[in-house]
Structure formats: C-alpha cells, structure tokens
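For reference, final39.cif is printed below; it contains mmCIF, C-alpha atoms and all ligand atoms.
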```cif
data_final
#
loop_
_atom_site.label_atom_id
_atom_site.label_comp_id
_atom_site.auth_asym_id
_atom_site.auth_seq_id
_atom_site.Cartn_x
_atom_site.Cartn_y
_atom_site.Cartn_z
CA MET A 1 -47.36 83.52 39.33
CA ARG A 2 -44.03 85.10 38.50
CA LYS A 3 -40.87 83.05 37.88
CA ILE A 4 -38.13 84.06 40.28
CA PHE A 5 -35.64 81.19 39.86
CA HIS A 6 -34.54 79.09 36.89
CA PHE A 7 -33.46 75.48 37.20
CA ASP A 8 -34.02 72.52 34.83
CA SER A 9 -35.28 69.49 36.80
CA PRO A 10 -35.67 66.00 35.28
CA THR A 11 -39.25 65.51 34.09
CA GLU A 12 -39.37 61.73 33.56
CA PRO A 13 -41.10 59.48 36.12
CA TYR A 14 -38.74 57.53 38.35
CA ILE A 15 -38.38 54.42 40.48
CA ALA A 16 -37.02 55.41 43.89
CA ASP A 17 -33.71 53.75 44.85
CA ALA A 18 -34.85 53.93 48.48
CA ALA A 19 -37.09 55.72 50.92
CA VAL A 20 -34.99 57.44 53.57
CA LEU A 21 -36.40 58.39 56.96
CA CYS A 22 -34.11 60.80 58.75
CA CYS A 23 -34.06 63.82 61.06
CA PHE A 24 -34.18 67.37 59.71
CA ASP A 25 -31.07 68.33 61.72
CA ALA A 26 -28.99 70.35 59.22
CA ARG A 27 -25.70 69.23 60.81
CA ILE A 28 -26.08 65.68 59.46
CA SER A 29 -27.77 66.40 56.13
CA GLN A 30 -24.55 66.55 54.11
CA ALA A 31 -23.22 63.29 55.61
CA VAL A 32 -26.53 61.62 54.78
CA ARG A 33 -26.52 62.95 51.21
CA LYS A 34 -22.95 61.77 50.62
CA PHE A 35 -23.65 58.40 52.23
CA LEU A 36 -26.68 57.86 49.99
CA ARG A 37 -24.64 58.66 46.89
CA GLU A 38 -21.93 56.27 48.09
CA GLN A 39 -24.65 53.60 48.47
CA GLY A 40 -25.71 54.16 44.86
CA ILE A 41 -28.94 55.83 45.95
CA GLU A 42 -29.36 58.59 43.37
CA ARG A 43 -33.14 59.01 43.60
CA PRO A 44 -34.25 58.73 47.23
CA ASP A 45 -37.71 59.56 48.49
CA MET A 46 -36.59 61.63 51.46
CA ILE A 47 -38.83 61.57 54.53
CA ILE A 48 -37.25 64.28 56.62
CA VAL A 49 -38.85 64.88 59.98
CA ALA A 50 -37.73 65.85 63.48
CA GLY A 51 -36.25 62.75 65.11
CA GLY A 52 -36.20 60.51 62.00
CA ALA A 53 -36.53 56.92 63.28
CA LYS A 54 -37.95 58.21 66.58
CA THR A 55 -41.28 58.87 64.84
CA LEU A 56 -41.64 55.09 64.47
CA ALA A 57 -39.80 53.84 67.56
CA SER A 58 -41.02 56.33 70.17
CA PRO A 59 -43.64 58.50 68.49
CA ARG A 60 -45.07 61.44 70.39
CA ASN A 61 -48.54 60.23 69.38
CA ASP A 62 -50.26 57.69 67.11
CA PHE A 63 -50.79 60.31 64.42
CA GLU A 64 -47.04 60.80 64.04
CA GLN A 65 -46.33 57.09 63.54
CA ASP A 66 -49.27 56.59 61.16
CA PHE A 67 -48.25 59.60 59.11
CA ILE A 68 -44.70 58.29 58.63
CA LEU A 69 -45.89 54.75 57.81
CA GLU A 70 -48.20 56.30 55.23
CA GLN A 71 -45.26 58.19 53.69
CA VAL A 72 -43.34 54.91 53.34
CA ARG A 73 -46.43 53.24 51.89
CA MET A 74 -46.76 56.08 49.34
CA SER A 75 -43.11 55.76 48.34
CA ILE A 76 -43.58 52.01 47.77
CA HIS A 77 -46.88 52.55 45.94
CA LEU A 78 -45.91 55.55 43.78
CA HIS A 79 -42.21 54.92 43.18
CA GLN A 80 -41.85 51.11 43.56
CA THR A 81 -39.45 51.53 46.47
CA LYS A 82 -37.83 48.24 47.56
CA ARG A 83 -35.51 49.57 50.23
CA VAL A 84 -36.11 51.71 53.31
CA LEU A 85 -33.25 53.35 55.19
CA VAL A 86 -34.20 54.38 58.69
CA MET A 87 -31.88 56.73 60.55
CA SER A 88 -31.37 58.51 63.81
CA HIS A 89 -28.40 60.61 64.88
CA SER A 90 -26.17 61.62 67.74
CA ASP A 91 -27.10 64.71 69.79
CA CYS A 92 -30.64 64.67 68.36
CA ALA A 93 -32.66 67.37 70.08
CA THR A 94 -35.82 65.24 70.01
CA TYR A 95 -34.07 62.86 72.45
CA GLY A 96 -32.81 65.76 74.56
CA GLY A 97 -29.44 65.67 72.80
CA LEU A 98 -26.26 64.07 74.10
CA ALA A 99 -26.93 65.95 77.36
CA HIS A 100 -29.86 63.59 78.03
CA PHE A 101 -27.24 60.80 78.27
CA ASN A 102 -24.95 62.97 80.44
CA GLY A 103 -22.51 63.15 77.56
CA ASP A 104 -22.08 59.35 77.55
CA ARG A 105 -21.73 58.53 73.85
CA ALA A 106 -21.81 54.76 74.43
CA ALA A 107 -25.08 55.03 76.38
CA GLU A 108 -26.51 57.26 73.67
CA ALA A 109 -25.46 54.83 70.92
CA GLU A 110 -26.99 51.89 72.80
CA HIS A 111 -30.27 53.75 73.23
CA HIS A 112 -30.35 54.60 69.53
CA ARG A 113 -29.51 51.01 68.61
CA GLN A 114 -32.63 49.88 70.46
CA GLU A 115 -34.72 52.64 68.94
CA LEU A 116 -33.53 51.77 65.44
CA HIS A 117 -34.31 48.09 66.04
CA ARG A 118 -37.82 48.99 67.13
CA ALA A 119 -38.34 51.23 64.09
CA ALA A 120 -36.96 48.55 61.75
CA GLU A 121 -39.11 45.81 63.30
CA LEU A 122 -42.23 47.92 62.80
CA LEU A 123 -41.34 48.55 59.14
CA VAL A 124 -40.60 44.87 58.51
CA ALA A 125 -43.93 43.92 60.09
CA LYS A 126 -45.85 46.48 58.00
CA PHE A 127 -43.95 45.98 54.73
CA PRO A 128 -42.61 42.40 54.67
CA ASP A 129 -41.37 42.60 51.05
CA ILE A 130 -39.15 45.61 51.65
CA SER A 131 -35.53 45.59 52.75
CA VAL A 132 -35.12 47.71 55.90
CA GLU A 133 -31.74 49.11 56.91
CA PRO A 134 -31.21 50.94 60.22
CA TYR A 135 -28.34 53.45 60.53
CA PHE A 136 -27.02 55.68 63.29
CA VAL A 137 -25.48 58.93 62.06
CA LYS A 138 -22.69 60.27 64.23
CA PHE A 139 -20.56 63.36 63.74
CA ASP A 140 -17.79 61.14 62.34
CA GLY A 141 -19.93 59.23 59.85
CA VAL A 142 -22.67 56.65 59.44
CA TRP A 143 -22.87 53.46 61.51
CA LYS A 144 -24.74 50.36 60.43
CA VAL A 145 -26.87 48.82 63.17
CA LEU A 146 -26.09 45.12 63.34
CA PRO A 147 -28.78 42.52 64.02
CA ASP A 148 -29.66 42.22 67.68
CA MET A 149 -27.67 39.40 69.35
CA ALA A 150 -30.73 38.32 71.36
CA ALA A 151 -32.87 38.23 68.22
CA ARG A 152 -30.21 36.21 66.40
CA ILE A 153 -30.02 33.66 69.22
CA GLU A 154 -33.81 33.43 69.29
CA ALA A 155 -33.92 32.92 65.51
CA ALA A 156 -31.22 30.24 65.75
CA MET A 157 -33.17 28.46 68.52
CA ARG A 158 -36.36 28.64 66.48
CA SER A 159 -34.71 27.07 63.45
CA ARG A 160 -33.13 24.38 65.65
CA LYS A 161 -36.53 23.63 67.19
CA SER A 162 -38.18 23.35 63.77
CA ALA A 163 -35.32 21.09 62.59
CA ASN A 164 -36.05 18.77 65.53
CA VAL A 165 -39.74 18.49 64.67
ZN ZN B 201 -32.40 65.26 65.26
#
```

The structure given in the file should be rewritten as structure tokens.
Ligand SMILES: [Zn+2]
Amino acid sequence: MRKIFHFDSPTEPYIADAAVLCCFDARISQAVRKFLREQGIERPDMIIVAGGAKTLASPRNDFEQDFILEQVRMSIHLHQTKRVLVMSHSDCATYGGLAHFNGDRAAEAEHHRQELHRAAELLVAKFPDISVEPYFVKFDGVWKVLPDMAARIEAAMRSRKSANV
C-alpha cells in the first residue's frame, strides 16, 4: 500500500450517540449532519442507504429489511447505541420523487408519515430498549413525526380498559 492522503482520526473506542438510518441523497446530507450536531449527536453510526426508512417500511425484499435490522443490531451491540433516528426525505427517488405524488407536498408528507411510523414500529418491536425517533427531511429542514393520533387513542382506551379491570 502507498499512503496518498494524510488525516489524523481519533483512535479511541467510542459509544455511539445514535444510529441514524437515512437516504444517500446528497441534497439532504448537509441538513442531516447539521441536525445531528444540533441534537448533540457527535458520534453517530450512520446507516446510509437508498430510501433510508423505506428499507424497513416498504423494503424491496426481505434481504433488504434484514440487512438494515442487522446494521442497527450491530450498532447496539458494538457501540452501545441507545437511540435510533430513522429518516426519509422529500422528493426521494426510491418513492418516485415528488412527481409520484403529482407534486402534492401534503400527500407526500402524509405518505412518509405512515412509512416512518411503520419503520419506527418495526424497530420498537425488534429493539424494545432503544429509543426510536422518526424524522422527515424536507428541503427547508427536519420535521419530527408526531405519534399517530389513532395509536394514541388506542393506547388511551387500553389504559382506560385496564383501569376498569
Ligand atoms: Zn432518497
């Protein structure tokens, strides 16, 4: 081997501040990087793949979903990750872009909200001790996906039912 570039990287082992699943689309990478820093996430285990959250919510095949779950598992196992950020973004080519929604940004956002919920639910089911945070990255910034209203009502009804027992 011949050295062609010099850069001093930190050598000490680390605990990951979070695992971050997001799309490889270069247009959003800077927003994601800045958002992570703003969140105090200095050492993320980045899982960067086409579609980001789509690989869990609507995988093209079982291999894709298993591979991503294994990456999260490795981050937890190797770097004691306690937090997983799962992201998708506007105009993502793996969804056919904004054109797939006929340019309707609200329809696109709603579709992604459901996708992100599905991805988050899968992660929570697989890794119950981990905090899972779904985010939608738009061209004006990062949007937090709020808990599903239907799921909240259902949870409230469940707790009311158990209180009655
Ligand atoms: Zn994308």

Report as CSV: every residue of region 50-131 of chain A with an atom at most 12 Å from region 140-149 of chain A, its closest pair of atoms, and their distance in Å to one decimal, counting all atoms listed in the file, with rows sorted by chain and ascending residue number.
```
residue,atom,partner,partner_atom,distance
A:Leu85,CA,A:Lys144,CA,10.4
A:Val86,CA,A:Val145,CA,10.2
A:Met87,CA,A:Val142,CA,9.3
A:Ser88,CA,A:Val142,CA,9.9
A:His89,CA,A:Val142,CA,8.8
A:Ser90,CA,A:Asp140,CA,10.0
A:Ala109,CA,A:Trp143,CA,9.9
A:Glu110,CA,A:Val145,CA,10.1
A:His111,CA,A:Val145,CA,11.7
A:His112,CA,A:Val145,CA,9.3
A:Arg113,CA,A:Val145,CA,6.4
A:Gln114,CA,A:Asp148,CA,8.7
A:Glu115,CA,A:Val145,CA,10.5
A:Leu116,CA,A:Val145,CA,7.6
A:His117,CA,A:Asp148,CA,7.7
A:Arg118,CA,A:Asp148,CA,10.6
A:Ala119,CA,A:Val145,CA,11.8
A:Ala120,CA,A:Val145,CA,10.2
A:Glu121,CA,A:Pro147,CA,10.9
```

- prompt: What is the distance between CA of Asp17 (chain A) and CA of Thr55 (chain A), in Å to one decimal?
  reply: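 Spanning CA of Asp17 (chain A) to CA of Thr55 (chain A) is a straight-line distance of 22.0 Å.
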
Please produce, as a Markdown table, a per-residue contact table for chain A versus ligand ZN 201 (chain B) (criterion: any atom at most 8 Å away, all atoms listed in the file considered), showing the nearest atom pair and its distance in Å to one decimal, sorted by chain then residue number.
```
| residue | atom | partner | partner_atom | distance |
| --- | --- | --- | --- | --- |
| A:Cys23 | CA | B:ZN201 | ZN | 4.7 |
| A:Phe24 | CA | B:ZN201 | ZN | 6.2 |
| A:Asp25 | CA | B:ZN201 | ZN | 4.9 |
| A:Ala50 | CA | B:ZN201 | ZN | 5.7 |
| A:Gly51 | CA | B:ZN201 | ZN | 4.6 |
| A:Gly52 | CA | B:ZN201 | ZN | 6.9 |
| A:Ser88 | CA | B:ZN201 | ZN | 7.0 |
| A:His89 | CA | B:ZN201 | ZN | 6.1 |
| A:Ser90 | CA | B:ZN201 | ZN | 7.6 |
| A:Asp91 | CA | B:ZN201 | ZN | 7.0 |
| A:Cys92 | CA | B:ZN201 | ZN | 3.6 |
| A:Ala93 | CA | B:ZN201 | ZN | 5.3 |
| A:Thr94 | CA | B:ZN201 | ZN | 5.9 |
| A:Tyr95 | CA | B:ZN201 | ZN | 7.8 |
```

For region 39-47 of chain A, please output as a compact mmCIF listing (two decimals) with C-alpha atoms, in the coordinates of the input all residues within 7 Å (counting only C-alpha atoms; exclusion window: fewer than 2 positions along the same chain).
```
# COMPACT_ATOMS: atom_id res chain seq x y z
CA ALA A 16 -37.02 55.41 43.89
CA ASP A 17 -33.71 53.75 44.85
CA ALA A 18 -34.85 53.93 48.48
CA ALA A 19 -37.09 55.72 50.92
CA VAL A 20 -34.99 57.44 53.57
CA LEU A 21 -36.40 58.39 56.96
CA CYS A 22 -34.11 60.80 58.75
CA PHE A 35 -23.65 58.40 52.23
CA LEU A 36 -26.68 57.86 49.99
CA ARG A 37 -24.64 58.66 46.89
CA VAL A 49 -38.85 64.88 59.98
CA SER A 75 -43.11 55.76 48.34
```

- prompt: Just how far from CA of Pro13 (chain A) is CA of Ile28 (chain A), in Å to one decimal?
  reply: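 We find that CA of Ile28 (chain A) and CA of Pro13 (chain A) lie 28.4 Å from each other.
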
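Here CA of Lys126 (chain A) and CA of Leu69 (chain A) stand 8.3 Å from one another.
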
query: Could you pull the residues within 10 Å of Phe127 (chain A), counting only C-alpha atoms, minus those fewer than 5 positions along the same chain, as a PyMOL selection string?
result: chain A and resi 69+72-73+76+82+84+121-122+132

task: Name the closest residue to Val137 (chain A) among the candidates A:Ile68, A:Glu108, A:Thr81, A:Gly103; distances are taken between atoms, counting only C-alpha atoms.
output: A:Glu108

Just need region 89-130 of chain A in a file, please: N, CA and C atoms, as a short mmCIF file (atom, residue, chain, number, x, y, z; two decimals), in the first residue's frame.
```cif
data_model
loop_
_atom_site.label_atom_id
_atom_site.label_comp_id
_atom_site.auth_asym_id
_atom_site.auth_seq_id
_atom_site.Cartn_x
_atom_site.Cartn_y
_atom_site.Cartn_z
N HIS A 89 -37.05 11.33 3.25
CA HIS A 89 -36.97 12.72 2.80
C HIS A 89 -37.85 13.00 1.60
N SER A 90 -38.13 14.27 1.43
CA SER A 90 -38.96 14.74 0.32
C SER A 90 -38.25 14.50 -1.02
N ASP A 91 -39.02 14.24 -2.05
CA ASP A 91 -38.52 14.03 -3.41
C ASP A 91 -37.54 12.86 -3.49
N CYS A 92 -37.73 11.86 -2.62
CA CYS A 92 -36.83 10.70 -2.63
C CYS A 92 -37.10 9.86 -3.88
N ALA A 93 -36.04 9.61 -4.62
CA ALA A 93 -36.17 8.88 -5.88
C ALA A 93 -36.69 7.46 -5.67
N THR A 94 -36.41 6.86 -4.51
CA THR A 94 -36.88 5.48 -4.29
C THR A 94 -38.40 5.41 -4.17
N TYR A 95 -39.04 6.55 -3.91
CA TYR A 95 -40.51 6.62 -3.88
C TYR A 95 -41.06 7.17 -5.20
N GLY A 96 -40.18 7.41 -6.16
CA GLY A 96 -40.61 8.02 -7.41
C GLY A 96 -40.63 9.54 -7.31
N GLY A 97 -39.99 10.06 -6.29
CA GLY A 97 -39.87 11.52 -6.12
C GLY A 97 -41.20 12.18 -5.81
N LEU A 98 -41.17 13.51 -5.80
CA LEU A 98 -42.39 14.29 -5.55
C LEU A 98 -43.37 14.08 -6.71
N ALA A 99 -42.84 13.76 -7.88
CA ALA A 99 -43.67 13.53 -9.08
C ALA A 99 -44.66 12.39 -8.85
N HIS A 100 -44.25 11.39 -8.06
CA HIS A 100 -45.12 10.25 -7.76
C HIS A 100 -46.40 10.72 -7.05
N PHE A 101 -46.30 11.86 -6.34
CA PHE A 101 -47.45 12.42 -5.62
C PHE A 101 -48.04 13.60 -6.40
N ASN A 102 -47.74 13.65 -7.70
CA ASN A 102 -48.21 14.73 -8.58
C ASN A 102 -47.86 16.11 -8.02
N GLY A 103 -46.72 16.20 -7.37
CA GLY A 103 -46.28 17.48 -6.83
C GLY A 103 -47.00 17.91 -5.57
N ASP A 104 -47.86 17.05 -5.04
CA ASP A 104 -48.65 17.38 -3.84
C ASP A 104 -47.81 17.11 -2.59
N ARG A 105 -47.26 18.18 -2.03
CA ARG A 105 -46.34 18.02 -0.89
C ARG A 105 -47.05 17.48 0.35
N ALA A 106 -48.31 17.86 0.53
CA ALA A 106 -49.06 17.37 1.70
C ALA A 106 -49.29 15.86 1.58
N ALA A 107 -49.64 15.41 0.37
CA ALA A 107 -49.86 13.97 0.15
C ALA A 107 -48.55 13.21 0.35
N GLU A 108 -47.47 13.79 -0.14
CA GLU A 108 -46.16 13.16 0.03
C GLU A 108 -45.81 13.04 1.52
N ALA A 109 -46.01 14.15 2.25
CA ALA A 109 -45.67 14.17 3.68
C ALA A 109 -46.50 13.14 4.44
N GLU A 110 -47.78 13.03 4.10
CA GLU A 110 -48.66 12.06 4.77
C GLU A 110 -48.20 10.63 4.50
N HIS A 111 -47.80 10.37 3.25
CA HIS A 111 -47.31 9.04 2.91
C HIS A 111 -46.04 8.72 3.71
N HIS A 112 -45.15 9.69 3.79
CA HIS A 112 -43.91 9.48 4.54
C HIS A 112 -44.17 9.31 6.04
N ARG A 113 -45.16 10.05 6.54
CA ARG A 113 -45.51 9.92 7.95
C ARG A 113 -45.88 8.45 8.25
N GLN A 114 -46.70 7.88 7.37
CA GLN A 114 -47.10 6.49 7.57
C GLN A 114 -45.92 5.53 7.43
N GLU A 115 -45.07 5.81 6.46
CA GLU A 115 -43.88 4.97 6.27
C GLU A 115 -42.98 5.02 7.50
N LEU A 116 -42.78 6.23 8.01
CA LEU A 116 -41.90 6.41 9.17
C LEU A 116 -42.48 5.74 10.40
N HIS A 117 -43.82 5.79 10.54
CA HIS A 117 -44.47 5.08 11.65
C HIS A 117 -44.21 3.58 11.55
N ARG A 118 -44.35 3.06 10.33
CA ARG A 118 -44.17 1.62 10.14
C ARG A 118 -42.72 1.22 10.46
N ALA A 119 -41.78 2.02 9.98
CA ALA A 119 -40.36 1.75 10.24
C ALA A 119 -40.08 1.81 11.75
N ALA A 120 -40.64 2.83 12.41
CA ALA A 120 -40.41 3.01 13.85
C ALA A 120 -41.02 1.85 14.64
N GLU A 121 -42.24 1.45 14.25
CA GLU A 121 -42.90 0.34 14.95
C GLU A 121 -42.09 -0.95 14.86
N LEU A 122 -41.53 -1.19 13.68
CA LEU A 122 -40.71 -2.38 13.49
C LEU A 122 -39.48 -2.33 14.40
N LEU A 123 -38.83 -1.17 14.46
CA LEU A 123 -37.64 -1.02 15.30
C LEU A 123 -37.97 -1.19 16.78
N VAL A 124 -39.10 -0.61 17.20
CA VAL A 124 -39.51 -0.72 18.60
C VAL A 124 -39.80 -2.19 18.95
N ALA A 125 -40.43 -2.90 18.01
CA ALA A 125 -40.74 -4.31 18.24
C ALA A 125 -39.46 -5.15 18.33
N LYS A 126 -38.49 -4.84 17.49
CA LYS A 126 -37.23 -5.62 17.45
C LYS A 126 -36.29 -5.24 18.59
N PHE A 127 -36.28 -3.95 18.94
CA PHE A 127 -35.33 -3.46 19.95
C PHE A 127 -36.07 -2.63 21.00
N PRO A 128 -36.80 -3.32 21.92
CA PRO A 128 -37.68 -2.62 22.84
C PRO A 128 -36.98 -1.66 23.81
N ASP A 129 -35.67 -1.83 24.01
CA ASP A 129 -34.97 -0.97 24.98
C ASP A 129 -34.39 0.29 24.35
N ILE A 130 -34.61 0.46 23.07
CA ILE A 130 -33.98 1.56 22.34
C ILE A 130 -35.01 2.66 22.08
#
```
